[in-house]
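**Q** Sending over a structure as structure tokens; questions will come in a sec.
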Amino acid sequence: MRKNCPDCGVGLFEFHAPCCDVERCPICGGQMLSCNCHLMVLGYDPDNLPEDIYEGGLDDLQTEKASMLIDKEGRIPWNGKWPGEEECEMYGLYSYFDQKDPKADGKNYGHIPCGKDHPEAQHDLNRLYKEYVWDKSKKKMVKPDSKKADAIGDKEGGK
Ligand SMILES: [Zn+2]
Ligand SMILES: [Zn+2]
């Protein structure tokens, strides 16, 4: 557990400084700096941006508006762990890096899933983001099935 954010330096449960590398986006669960949610909250399609925005980015007013809309989703403070690590621990997602020459044996090269007790076990963020989906209300990655079940539950509750 780190006491301060490794990028912007805020303390535990404080909100990250603007443009922090570590801040997690409350809308998609990805890295705030690299996701497209600030465009989508303004109604833009990131794959089909108007030319001026594609080239020049958002102006100050739009940036401010986007950041307000994202604030509404509930910013995620620094909680002492790199985003995703907590879920890897919850779901037991670990892997170790196999150093074998890829040309020698492609099959066993790379990140190999393993148990938590493996001496070189690391949080398997790749698997987390591939196999799990972001739950906006829980602010966590969840198993796709449990999200579907929740959605059905919500619908029935709303009747
Ligand atoms: Zn930070
Ligand atoms: Zn996002």
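Residue numbers start at 1 in each chain; chains themselves are named A, B, ... in the order of the structure tokens; ligands are numbered from 1 in the order shown.
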Any residue with an atom at most 9 Å from ligand 1 counts, using only C-alpha atoms and all ligand atoms. Which are they? Put them as a list of chain:residue names.

**A**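 Those within range of ligand 1 are A:Asn4, A:Cys5, A:Pro6, A:Asp7, A:Cys8, A:Gly9, A:Val10, A:Gly11, A:Glu14, A:Phe15, A:His16, A:Ala17, A:Pro18, A:Cys19, A:Cys20, A:Asp21, A:Val22, A:Glu23, A:Pro77, A:Trp78.
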
**Q** For ligand 2, return the neighbouring residues as a list in words (distance at most 9 Å; only C-alpha atoms and all ligand atoms).

**A**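 Every residue with an atom at most 9 Å from ligand 2 is listed here: Arg24, Cys25, Pro26, Ile27, Cys28, Gly29, Gly30, Gln31, Met32, Leu33, Ser34, Cys35, Asn36, Cys37, His38, Met40 and Ile70 of chain A.
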
**Q** One decimal, Å: what's the distance from CA of Trp82 (chain A) over to CA of Leu125 (chain A), could you say?

**A** 10.1 Å

**Q** With distances taken over only C-alpha atoms, which of A:Leu69, A:Ala121, A:Val133, A:Leu42 is nearest to Leu93 (chain A)?

**A**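 Smallest separation from Leu93 (chain A) among the options: A:Ala121.
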
**Q** Could you tell me how far CA of Arg75 (chain A) sits from CA of Leu61 (chain A), in Å to one decimal place?

**A** 19.6 Å

**Q** At what distance in Å, to one decimal, does CA of Met1 (chain A) lie from CA of Met90 (chain A)?

**A**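 Computing it gives 15.4 Å between the two atoms.
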